[in-house]
Number of protein chains: 2
Amino acid sequence: MTLADARRYFALPSPFAMRRGGALIGAQLAYETWGALNAARDNAILILTGLSPGAHAASSADDPTPGWWEDMLGPGKYIDTQRWFVICVNSLGSCKGSTGPASMDPLTGKVYRLDFPELTLEDVGHAAFELVRGLGIERLACLLGNSMGGMSALGYLALHPGSVRAHISVSTAAHAQPFAIAIRSLQREAIRLDPNFNQGAYDDAHYPETGMSIARKLGVITYRSAMEWVGRFARIRLDHERQDDDPFAAEFQVESYLEGHARRFVRSFDPNCYLYLSRASDWFDIGEHAPDARGHGSVADALRHIPLEHALVIGVSTDILFPLSQQEEIADGLRTAGASVDFVALDSPQGHDAFLVDIPRFGAAIAGFLAKL
Amino acid sequence: MTLADARRYFALPSPFAMRRGGALIGAQLAYETWGALNAARDNAILILTGLSPGAHAASSADDPTPGWWEDMLGPGKYIDTQRWFVICVNSLGSCKGSTGPASMDPLTGKVYRLDFPELTLEDVGHAAFELVRGLGIERLACLLGNSMGGMSALGYLALHPGSVRAHISVSTAAHAQPFAIAIRSLQREAIRLDPNFNQGAYDDAHYPETGMSIARKLGVITYRSAMEWVGRFARIRLDHERQDDDPFAAEFQVESYLEGHARRFVRSFDPNCYLYLSRASDWFDIGEHAPDARGHGSVADALRHIPLEHALVIGVSTDILFPLSQQEEIADGLRTAGASVDFVALDSPQGHDAFLVDIPRFGAAIAGFLAKL
């Protein structure tokens with residue numbers, strides 16, 4: 001018996017040149033689809049994900065397990081797969097079926113690890129564009145990106161202007177601000193300083209469990225909001241007696257919540273892939289794509305040249321990692337470029353993660369926008 | 001030649017009983033003073049510090065090196081030592097001259113390390129009260145606490161009602177919220193998981209440098225504000241070429257800023273002491289002192305019973321570790337108890353650390369309050 005799996009695989013053009021140099025030989029992308037492409041091939045929505053999710057955004061006949069956006073996507077749901085042909089791709093550089101640092105390098109017969117070429121979110125976006133073209137789709141009805149995927153989407157749009165009709169930008173940024181860089185830098189440091197990291201040459205028996213755990217907990221702290229936690233955890237203690245009389249053992253509910261998140265994540269995501277995608281997020285700056293700015297333009301300079309018919313930009317007031325002002329900046333820039341832009345500021349208490357949790361609010365905004373297309 | 005040192009030492013009553021059990025034998029507090037106690041002994045201000053500073057708040061003839069609040073405190077300064085007799089004490093449990101986990105246990109002849117009894121901020125406050133009494137001061141003119149010191153001050157006030165005339169509460173809280181607990185829990189985890197931590201039995205040659213560095217960087221991230229960093233660091237790269245072609249080496253200014261902070265801190269604060277003071281901050285809850293609430297009262301229930309003549313409560317809108325709503329809660333509670341309370345909300349961009357940096361704004365508020373006493 002094999003586990004349910006709805007993933008398909010797309011062979012990228014080989015060699016696949018990387019933006020910062022180097023090229024991938026025989027690289028692939030894992031993706032899933034829902035619904036059917038219509039005869040005019042004009043009903044396709046591509047979803048680019050945050051750092052850690054794979055292509056399994058929702059269940060299907062081939063894989064009935066719930067996806068990471070299960071309540072958003074499906075027949076009759078907010079993104080209605082009876083109308084739309086939806087594609088979700090695992091990012092290039094990730095480890096959920098797409099080629100990345102955890103993949104075999106066909107030239108050496110060894111896993112790439114830290115020999116994988118430097119990865120950018122433009123590479124992630126461009127690889128996804130190749131997939132869309134490979135599926136015979138000339139122009140996307142809509143390109144949707146969440147969090148890191150929103151930056152990959154801006155990269156896609158900057159590299160391939162005119163290839164997308166409408167864009168949905170969710171809880172993302174046109175470039176990373178120093179607070180986000182600082183958090184990610186510390187997450188990477190925790191992983192790299194774990195003695196088991198071993199310069200990327202860990203294995204299952206000697207795995208940087210501690211570093212990954214610290215990185216994940218720090219992620220969860222910044223993905224949620226302090227306000228939500230006051231209501232949710234307050235100062236509630238764990239039921240059980242404190243273990244071993246150790247004053248530093250988990251004692252508050254919020255500590256065991258973080259521990260649970262870390263435990264579920266640590267072995268499910270490859271540490272080298274995490275490092276690459278994390279650093280790519282720091283590097284991304286749409287300003288580098290401003291024409292005539294020699295790689296040093298402003299965000300507004302670059303966005304002004306991204307042509308779209310319609311855009312929906314959504315942000316959350318409690319997001320500390322991608323603050324609302326960054327979504328406003330995207331909305332303003334795309335409006336200057338001539339798109340009709342809906343800017344939606346939600347007051348969901350769940351912070352950056354709200355798009356995964358507060359489905360009613362995000363779903364209403366997205367469904368309302370799609371209905372107008 | 002010896003280094004300048006203005007510290008004096010006060011022998012605590014021995015045994016000194018600890019709130020959670022156990023007692024210290026032959027324990028001491030390090031403190032410094034500025035100005036002179038007047039004949040009526042009614043001009044004393046006691047300062048309780050944040051987690052890491054020592055008693056050297058300002059320079060003096062005995063120690064001309066600048067203190068951690070140098071611009072706040074001295075002759076003619078905001079806290080004018082020509083009028084006030086100012087005492088600053090190194091917290092019990094710290095490592096800057098006061099007894100703590102880095103001190104010798106006289107019963108065993110060995111350093112306490114993790115055998116130090118569980119420490120609470122009430123112990124910190126009560127030990128400071130013993131010092132004040134030992135200096136022949138019946139009643140403080142003013143008790144001032146910053147950050148963790150603000151919680152120690154509330155502990156002092158709850159244990160010794162009537163012993164203080166006026167209170168200045170700076171960027172603190174009546175109890176820790178889950179976001180702050182989560183951050184501190186992760187800092188402790190980084191230290192404890194460092195292989196060199198060795199269950200607290202590290203030495204100078206095998207020191208938990210990595211864990212302390214991660215803990216400090218995480219501290220600095222939460223002590224400042226994202227807004228300040230956008231203006232200060234933006235996406236500025238370091239001047240030098242990236243080292244060794246390592247994509248994960250520090251490349252952005254914000255990364256080297258954190259590295260500098262960590263380097264200065266890591267060897268200057270004892271890791272075991274850090275763990276004890278950090279956990280004590282999680283545990284503190286003034287609600288435990290609400291009369292008749294059997295240790296489970298609300299903040300308001302407890303504050304309502306703390307009698308003061310005057311109080312000044314200061315907070316900063318950009319503080320993510322001790323959010324402004326927590327200072328409002330303290331101000332409201334002390335007002336209910338009958339004090340005349342000035343609540344000052346500052347919009348300093350420096351976040352929690354603003355009281356150390358934005359001296360003009362904090363100084364003006366404090367000097368204005370002291371002038372009315």
# chains A, B, ... in the order shown; residues from 1 in each chain; ligands from 1
>>> calpha_fit_and_write(fixed="chain A", moving="chain B", output="short mmCIF file (atom, residue, chain, number, x, y, z; two decimals) with C-alpha atoms, in the first residue's frame")
data_model
loop_
_atom_site.label_atom_id
_atom_site.label_comp_id
_atom_site.auth_asym_id
_atom_site.auth_seq_id
_atom_site.Cartn_x
_atom_site.Cartn_y
_atom_site.Cartn_z
CA MET B 1 0.05 -0.01 0.01
CA THR B 2 1.33 3.42 -0.89
CA LEU B 3 0.38 6.69 0.74
CA ALA B 4 -2.01 8.89 -1.17
CA ASP B 5 -0.12 11.37 -3.30
CA ALA B 6 -1.56 13.77 -5.85
CA ARG B 7 1.72 15.35 -6.82
CA ARG B 8 2.83 15.54 -10.42
CA TYR B 9 6.28 16.50 -11.56
CA PHE B 10 7.41 18.97 -14.18
CA ALA B 11 10.88 18.78 -15.69
CA LEU B 12 12.39 22.25 -15.81
CA PRO B 13 14.36 23.24 -18.91
CA SER B 14 17.85 21.86 -18.42
CA PRO B 15 20.16 23.52 -17.67
CA PHE B 16 18.03 25.86 -15.59
CA ALA B 17 20.12 29.01 -15.10
CA MET B 18 20.01 30.53 -11.62
CA ARG B 19 19.85 34.30 -11.12
CA ARG B 20 22.99 34.52 -8.97
CA GLY B 21 25.01 32.14 -11.09
CA GLY B 22 25.21 28.42 -11.65
CA ALA B 23 22.59 26.19 -13.21
CA LEU B 24 20.54 23.12 -12.32
CA ILE B 25 20.66 20.01 -14.48
CA GLY B 26 17.56 17.83 -14.66
CA ALA B 27 15.67 19.83 -12.05
CA GLN B 28 11.95 19.35 -11.42
CA LEU B 29 9.01 20.96 -9.70
CA ALA B 30 6.32 19.09 -7.77
CA TYR B 31 2.82 20.48 -8.19
CA GLU B 32 -0.83 19.60 -7.70
CA THR B 33 -3.90 20.81 -9.55
CA TRP B 34 -7.62 21.04 -8.83
CA GLY B 35 -10.45 21.65 -11.28
CA ALA B 36 -10.05 21.66 -15.06
CA LEU B 37 -8.39 23.97 -17.51
CA ASN B 38 -11.08 25.33 -19.84
CA ALA B 39 -10.87 25.33 -23.62
CA ALA B 40 -9.79 28.98 -23.73
CA ARG B 41 -7.07 28.15 -21.17
CA ASP B 42 -7.93 31.35 -19.35
CA ASN B 43 -9.16 30.10 -15.97
CA ALA B 44 -5.86 29.15 -14.31
CA ILE B 45 -4.86 30.32 -10.83
CA LEU B 46 -1.32 29.63 -9.63
CA ILE B 47 -0.60 29.58 -5.90
CA LEU B 48 2.93 30.25 -4.65
CA THR B 49 3.41 29.22 -1.03
CA GLY B 50 5.11 30.44 2.11
CA LEU B 51 8.44 29.00 3.15
CA SER B 52 7.41 25.60 4.45
CA PRO B 53 4.22 24.28 2.76
CA GLY B 54 4.30 21.84 -0.12
CA ALA B 55 2.05 21.65 -3.17
CA HIS B 56 -0.75 19.87 -1.27
CA ALA B 57 -2.93 22.91 -0.65
CA ALA B 58 -6.15 20.90 -0.57
CA SER B 59 -7.51 17.38 -0.77
CA SER B 60 -8.50 15.73 -4.03
CA ALA B 61 -9.54 12.33 -5.30
CA ASP B 62 -5.88 11.34 -5.61
CA ASP B 63 -5.00 12.52 -2.10
CA PRO B 64 -7.94 12.88 0.28
CA THR B 65 -5.80 14.12 3.19
CA PRO B 66 -6.53 17.74 4.13
CA GLY B 67 -4.18 20.29 2.57
CA TRP B 68 -2.65 23.36 4.15
CA TRP B 69 -5.41 25.61 2.70
CA GLU B 70 -8.15 22.98 2.81
CA ASP B 71 -10.98 25.31 3.73
CA MET B 72 -10.03 27.93 1.15
CA LEU B 73 -9.85 25.81 -1.95
CA GLY B 74 -12.19 23.21 -3.51
CA PRO B 75 -15.57 22.76 -5.19
CA GLY B 76 -17.90 25.48 -3.95
CA LYS B 77 -15.26 26.96 -1.63
CA TYR B 78 -13.86 30.50 -1.67
CA ILE B 79 -11.51 29.58 -4.51
CA ASP B 80 -14.05 27.50 -6.37
CA THR B 81 -12.42 24.69 -8.32
CA GLN B 82 -15.62 24.24 -10.31
CA ARG B 83 -14.77 27.54 -11.99
CA TRP B 84 -11.01 27.78 -11.64
CA PHE B 85 -8.16 25.48 -12.60
CA VAL B 86 -5.90 25.83 -9.59
CA ILE B 87 -2.21 24.93 -9.54
CA CYS B 88 -0.08 24.90 -6.42
CA VAL B 89 3.65 24.42 -6.78
CA ASN B 90 6.28 23.39 -4.28
CA SER B 91 8.94 26.11 -4.44
CA LEU B 92 12.20 25.45 -6.21
CA GLY B 93 14.72 24.93 -3.41
CA SER B 94 12.20 23.28 -1.11
CA CYS B 95 12.09 19.60 -0.16
CA LYS B 96 8.51 18.56 -0.87
CA GLY B 97 9.18 17.04 -4.27
CA SER B 98 10.84 19.96 -6.04
CA THR B 99 14.58 20.14 -6.63
CA GLY B 100 16.51 21.75 -3.81
CA PRO B 101 19.52 21.33 -1.53
CA ALA B 102 18.13 17.97 -0.35
CA SER B 103 18.05 16.60 -3.91
CA MET B 104 20.65 14.53 -5.72
CA ASP B 105 23.02 16.50 -7.91
CA PRO B 106 23.11 14.41 -11.11
CA LEU B 107 26.61 15.67 -11.91
CA THR B 108 28.12 14.26 -8.70
CA GLY B 109 25.64 11.59 -7.68
CA LYS B 110 25.57 13.18 -4.23
CA VAL B 111 22.99 15.27 -2.42
CA TYR B 112 23.62 18.97 -3.11
CA ARG B 113 23.48 20.15 0.50
CA LEU B 114 25.39 23.47 0.69
CA ASP B 115 26.73 23.01 -2.84
CA PHE B 116 23.31 23.93 -4.21
CA PRO B 117 23.68 27.20 -6.11
CA GLU B 118 22.53 30.38 -4.38
CA LEU B 119 18.75 30.55 -4.57
CA THR B 120 16.62 33.63 -5.10
CA LEU B 121 12.86 34.09 -5.01
CA GLU B 122 13.13 35.20 -8.62
CA ASP B 123 14.35 31.65 -9.36
CA VAL B 124 11.33 30.30 -7.46
CA GLY B 125 9.00 32.52 -9.47
CA HIS B 126 10.68 31.86 -12.80
CA ALA B 127 10.62 28.08 -12.29
CA ALA B 128 6.90 28.32 -11.58
CA PHE B 129 6.47 30.35 -14.78
CA GLU B 130 8.13 27.54 -16.75
CA LEU B 131 5.65 25.08 -15.23
CA VAL B 132 2.70 27.29 -16.24
CA ARG B 133 4.04 27.53 -19.77
CA GLY B 134 4.64 23.79 -19.77
CA LEU B 135 0.97 23.26 -18.92
CA GLY B 136 0.08 25.19 -22.08
CA ILE B 137 -1.14 28.28 -20.28
CA GLU B 138 -0.22 31.52 -22.02
CA ARG B 139 -1.59 33.85 -19.38
CA LEU B 140 -2.66 33.19 -15.81
CA ALA B 141 -6.09 34.40 -14.81
CA CYS B 142 -4.63 35.00 -11.38
CA LEU B 143 -1.32 34.61 -9.58
CA LEU B 144 -1.72 34.26 -5.82
CA GLY B 145 1.17 34.40 -3.36
CA ASN B 146 1.15 34.09 0.44
CA SER B 147 3.98 35.34 2.65
CA MET B 148 7.29 34.30 1.00
CA GLY B 149 5.14 33.19 -1.96
CA GLY B 150 3.97 36.78 -2.33
CA MET B 151 7.58 37.83 -2.87
CA SER B 152 8.11 34.96 -5.33
CA ALA B 153 4.99 36.18 -7.14
CA LEU B 154 6.39 39.71 -7.43
CA GLY B 155 9.55 38.16 -8.87
CA TYR B 156 7.41 36.21 -11.38
CA LEU B 157 5.58 39.40 -12.37
CA ALA B 158 8.75 41.45 -12.72
CA LEU B 159 10.45 38.83 -14.91
CA HIS B 160 7.38 38.10 -17.04
CA PRO B 161 5.30 41.25 -17.42
CA GLY B 162 2.00 40.65 -19.19
CA SER B 163 1.85 36.96 -18.27
CA VAL B 164 -0.75 37.49 -15.52
CA ARG B 165 -4.16 39.13 -15.60
CA ALA B 166 -4.89 39.48 -11.89
CA HIS B 167 -2.78 39.18 -8.77
CA ILE B 168 -3.64 38.35 -5.16
CA SER B 169 -0.91 39.37 -2.73
CA VAL B 170 -1.34 38.02 0.81
CA SER B 171 0.59 39.09 3.92
CA THR B 172 3.79 39.74 2.05
CA ALA B 173 6.29 42.47 1.25
CA ALA B 174 8.10 44.02 -1.68
CA HIS B 175 11.35 43.52 0.19
CA ALA B 176 12.43 42.33 3.63
CA GLN B 177 12.72 44.87 6.42
CA PRO B 178 15.52 44.63 9.02
CA PHE B 179 13.31 43.13 11.75
CA ALA B 180 12.41 40.20 9.47
CA ILE B 181 16.03 39.85 8.35
CA ALA B 182 17.15 39.81 12.01
CA ILE B 183 14.65 37.09 12.94
CA ARG B 184 15.59 34.92 9.97
CA SER B 185 19.30 35.49 10.53
CA LEU B 186 18.90 34.24 14.09
CA GLN B 187 16.91 31.21 12.94
CA ARG B 188 19.68 30.30 10.51
CA GLU B 189 22.30 30.84 13.18
CA ALA B 190 20.51 28.46 15.56
CA ILE B 191 20.54 25.76 12.87
CA ARG B 192 24.10 26.34 11.72
CA LEU B 193 25.51 26.42 15.24
CA ASP B 194 23.91 23.12 16.19
CA PRO B 195 26.90 20.72 16.34
CA ASN B 196 24.85 18.14 14.44
CA PHE B 197 24.45 20.54 11.53
CA ASN B 198 28.00 19.65 10.55
CA GLN B 199 28.28 22.15 7.69
CA GLY B 200 25.13 20.75 6.14
CA ALA B 201 26.33 17.13 6.18
CA TYR B 202 23.90 15.88 8.85
CA ASP B 203 22.04 12.59 8.57
CA ASP B 204 18.99 11.11 10.29
CA ALA B 205 21.08 9.79 13.18
CA HIS B 206 22.95 13.06 13.66
CA TYR B 207 20.35 15.69 12.92
CA PRO B 208 20.33 19.38 13.99
CA GLU B 209 17.21 18.82 16.05
CA THR B 210 18.00 21.56 18.58
CA GLY B 211 18.76 24.23 16.01
CA MET B 212 15.66 23.40 13.98
CA SER B 213 13.55 23.48 17.14
CA ILE B 214 14.80 26.94 18.15
CA ALA B 215 14.34 28.19 14.58
CA ARG B 216 10.77 26.90 14.43
CA LYS B 217 9.79 28.29 17.83
CA LEU B 218 11.15 31.69 16.90
CA GLY B 219 9.18 31.43 13.68
CA VAL B 220 5.95 30.60 15.49
CA ILE B 221 6.48 33.50 17.93
CA THR B 222 6.75 35.94 15.04
CA TYR B 223 4.00 34.32 12.94
CA ARG B 224 1.36 34.92 15.60
CA SER B 225 0.51 37.98 17.69
CA ALA B 226 1.07 38.88 21.32
CA MET B 227 -2.54 40.02 21.50
CA GLU B 228 -3.88 36.63 20.41
CA TRP B 229 -1.75 34.89 23.03
CA VAL B 230 -2.96 37.07 25.89
CA GLY B 231 -6.45 35.80 25.19
CA ARG B 232 -5.42 32.26 24.38
CA PHE B 233 -2.72 31.41 26.91
CA ALA B 234 -2.63 34.25 29.46
CA ARG B 235 -0.56 32.80 32.32
CA ILE B 236 -2.16 29.36 32.32
CA ARG B 237 0.08 26.67 33.76
CA LEU B 238 0.36 23.12 32.42
CA ASP B 239 -1.78 20.57 34.20
CA HIS B 240 0.96 18.18 35.15
CA GLU B 241 3.35 18.83 37.98
CA ARG B 242 6.61 20.41 36.90
CA GLN B 243 9.05 17.68 35.88
CA ASP B 244 12.06 16.72 37.94
CA ASP B 245 11.81 19.83 40.04
CA ASP B 246 13.57 21.61 37.16
CA PRO B 247 12.79 25.35 37.35
CA PHE B 248 13.47 25.65 33.63
CA ALA B 249 11.16 22.86 32.42
CA ALA B 250 8.05 23.93 30.49
CA GLU B 251 5.53 25.24 33.00
CA PHE B 252 3.33 27.66 31.07
CA GLN B 253 0.92 26.58 28.33
CA VAL B 254 2.60 28.90 25.83
CA GLU B 255 5.84 26.97 26.30
CA SER B 256 4.27 23.60 25.54
CA TYR B 257 2.43 25.11 22.55
CA LEU B 258 5.77 26.14 21.06
CA GLU B 259 7.24 22.73 21.87
CA GLY B 260 4.42 20.99 20.02
CA HIS B 261 4.91 23.19 16.95
CA ALA B 262 8.64 22.51 16.96
CA ARG B 263 8.22 18.75 17.36
CA ARG B 264 5.90 18.54 14.34
CA PHE B 265 8.23 20.60 12.14
CA VAL B 266 11.78 19.61 12.99
CA ARG B 267 11.96 16.35 11.02
CA SER B 268 9.51 17.34 8.30
CA PHE B 269 11.59 20.06 6.67
CA ASP B 270 15.14 19.74 5.45
CA PRO B 271 17.48 22.12 7.34
CA ASN B 272 19.60 23.02 4.30
CA CYS B 273 16.46 23.82 2.28
CA TYR B 274 15.26 25.95 5.17
CA LEU B 275 18.51 27.94 5.13
CA TYR B 276 18.34 28.54 1.38
CA LEU B 277 14.71 29.68 1.31
CA SER B 278 15.24 31.81 4.41
CA ARG B 279 18.21 33.65 2.93
CA ALA B 280 16.41 34.05 -0.39
CA SER B 281 13.66 35.87 1.53
CA ASP B 282 16.21 38.31 2.99
CA TRP B 283 17.72 38.98 -0.41
CA PHE B 284 14.49 39.63 -2.26
CA ASP B 285 13.97 43.25 -3.21
CA ILE B 286 11.60 44.13 -6.02
CA GLY B 287 13.52 47.41 -6.28
CA GLU B 288 16.26 45.50 -8.11
CA HIS B 289 13.83 45.17 -11.01
CA ALA B 290 13.22 48.87 -11.48
CA PRO B 291 14.13 49.59 -15.10
CA ASP B 292 17.22 51.76 -15.49
CA ALA B 293 17.98 51.66 -11.75
CA ARG B 294 20.87 49.21 -12.16
CA GLY B 295 19.56 46.94 -9.44
CA HIS B 296 19.14 49.70 -6.88
CA GLY B 297 15.72 51.16 -7.53
CA SER B 298 12.97 51.86 -5.03
CA VAL B 299 10.02 49.58 -4.49
CA ALA B 300 7.75 52.16 -6.11
CA ASP B 301 10.07 52.46 -9.13
CA ALA B 302 9.80 48.74 -9.71
CA LEU B 303 6.11 48.20 -9.01
CA ARG B 304 5.20 51.04 -11.34
CA HIS B 305 6.32 48.85 -14.24
CA ILE B 306 4.34 45.71 -13.37
CA PRO B 307 1.25 45.68 -15.58
CA LEU B 308 -1.86 44.00 -14.18
CA GLU B 309 -5.57 44.44 -14.80
CA HIS B 310 -6.66 43.77 -11.23
CA ALA B 311 -4.96 43.21 -7.91
CA LEU B 312 -6.07 42.35 -4.40
CA VAL B 313 -3.59 43.11 -1.63
CA ILE B 314 -4.40 41.77 1.84
CA GLY B 315 -2.61 42.44 5.12
CA VAL B 316 -3.24 42.02 8.82
CA SER B 317 -2.82 44.73 11.46
CA THR B 318 -1.29 42.30 13.99
CA ASP B 319 1.42 41.00 11.61
CA ILE B 320 4.84 41.89 13.07
CA LEU B 321 6.89 40.05 10.43
CA PHE B 322 5.31 41.63 7.35
CA PRO B 323 3.69 44.78 8.78
CA LEU B 324 0.62 46.27 7.16
CA SER B 325 2.59 49.24 5.83
CA GLN B 326 4.39 46.82 3.50
CA GLN B 327 1.14 45.62 1.95
CA GLU B 328 0.03 49.24 1.56
CA GLU B 329 3.25 49.89 -0.32
CA ILE B 330 2.49 47.04 -2.74
CA ALA B 331 -1.09 48.23 -3.27
CA ASP B 332 0.05 51.80 -3.93
CA GLY B 333 2.72 50.64 -6.35
CA LEU B 334 0.46 48.38 -8.38
CA ARG B 335 -2.17 51.11 -8.54
CA THR B 336 0.40 53.49 -10.00
CA ALA B 337 1.08 50.85 -12.66
CA GLY B 338 -2.56 51.10 -13.73
CA ALA B 339 -4.22 48.11 -12.09
CA SER B 340 -7.52 48.43 -10.28
CA VAL B 341 -6.38 47.53 -6.78
CA ASP B 342 -8.42 46.40 -3.79
CA PHE B 343 -6.49 46.87 -0.55
CA VAL B 344 -7.92 44.94 2.39
CA ALA B 345 -6.57 45.46 5.91
CA LEU B 346 -7.90 42.80 8.27
CA ASP B 347 -7.78 42.94 12.06
CA SER B 348 -7.44 39.20 12.52
CA PRO B 349 -5.74 38.57 15.87
CA GLN B 350 -3.54 35.72 14.54
CA GLY B 351 -0.78 37.91 13.10
CA HIS B 352 1.18 36.79 10.06
CA ASP B 353 -0.39 33.31 10.18
CA ALA B 354 -3.93 34.68 9.91
CA PHE B 355 -4.19 33.67 6.23
CA LEU B 356 -3.89 30.04 7.36
CA VAL B 357 -6.30 30.40 10.28
CA ASP B 358 -8.82 33.17 9.73
CA ILE B 359 -10.25 31.57 6.59
CA PRO B 360 -13.66 33.29 6.81
CA ARG B 361 -12.15 36.77 6.56
CA PHE B 362 -9.47 35.93 3.98
CA GLY B 363 -11.88 33.73 2.05
CA ALA B 364 -14.50 36.46 1.80
CA ALA B 365 -11.94 38.95 0.46
CA ILE B 366 -10.53 36.49 -2.07
CA ALA B 367 -13.92 35.15 -3.23
CA GLY B 368 -15.22 38.69 -3.63
CA PHE B 369 -12.24 39.63 -5.77
CA LEU B 370 -12.40 36.49 -7.92
CA ALA B 371 -16.13 37.05 -8.54
CA LYS B 372 -15.28 40.35 -10.25
CA LEU B 373 -12.83 38.80 -12.72
#
>>> select_by_dssp(residues="stretch 179-351 of chain A", states="alpha helix (DSSP H)", output="ChimeraX atom specification")
/A:179-193,209-223,226-232,253-266,271-283,299-303,324-336
>>> select_by_dssp(residues="stretch 196-310 of chain B", states="strand (DSSP E or B)", output="list of chain:residue names")
B:Arg237, B:Phe252, B:Asp285, B:His310
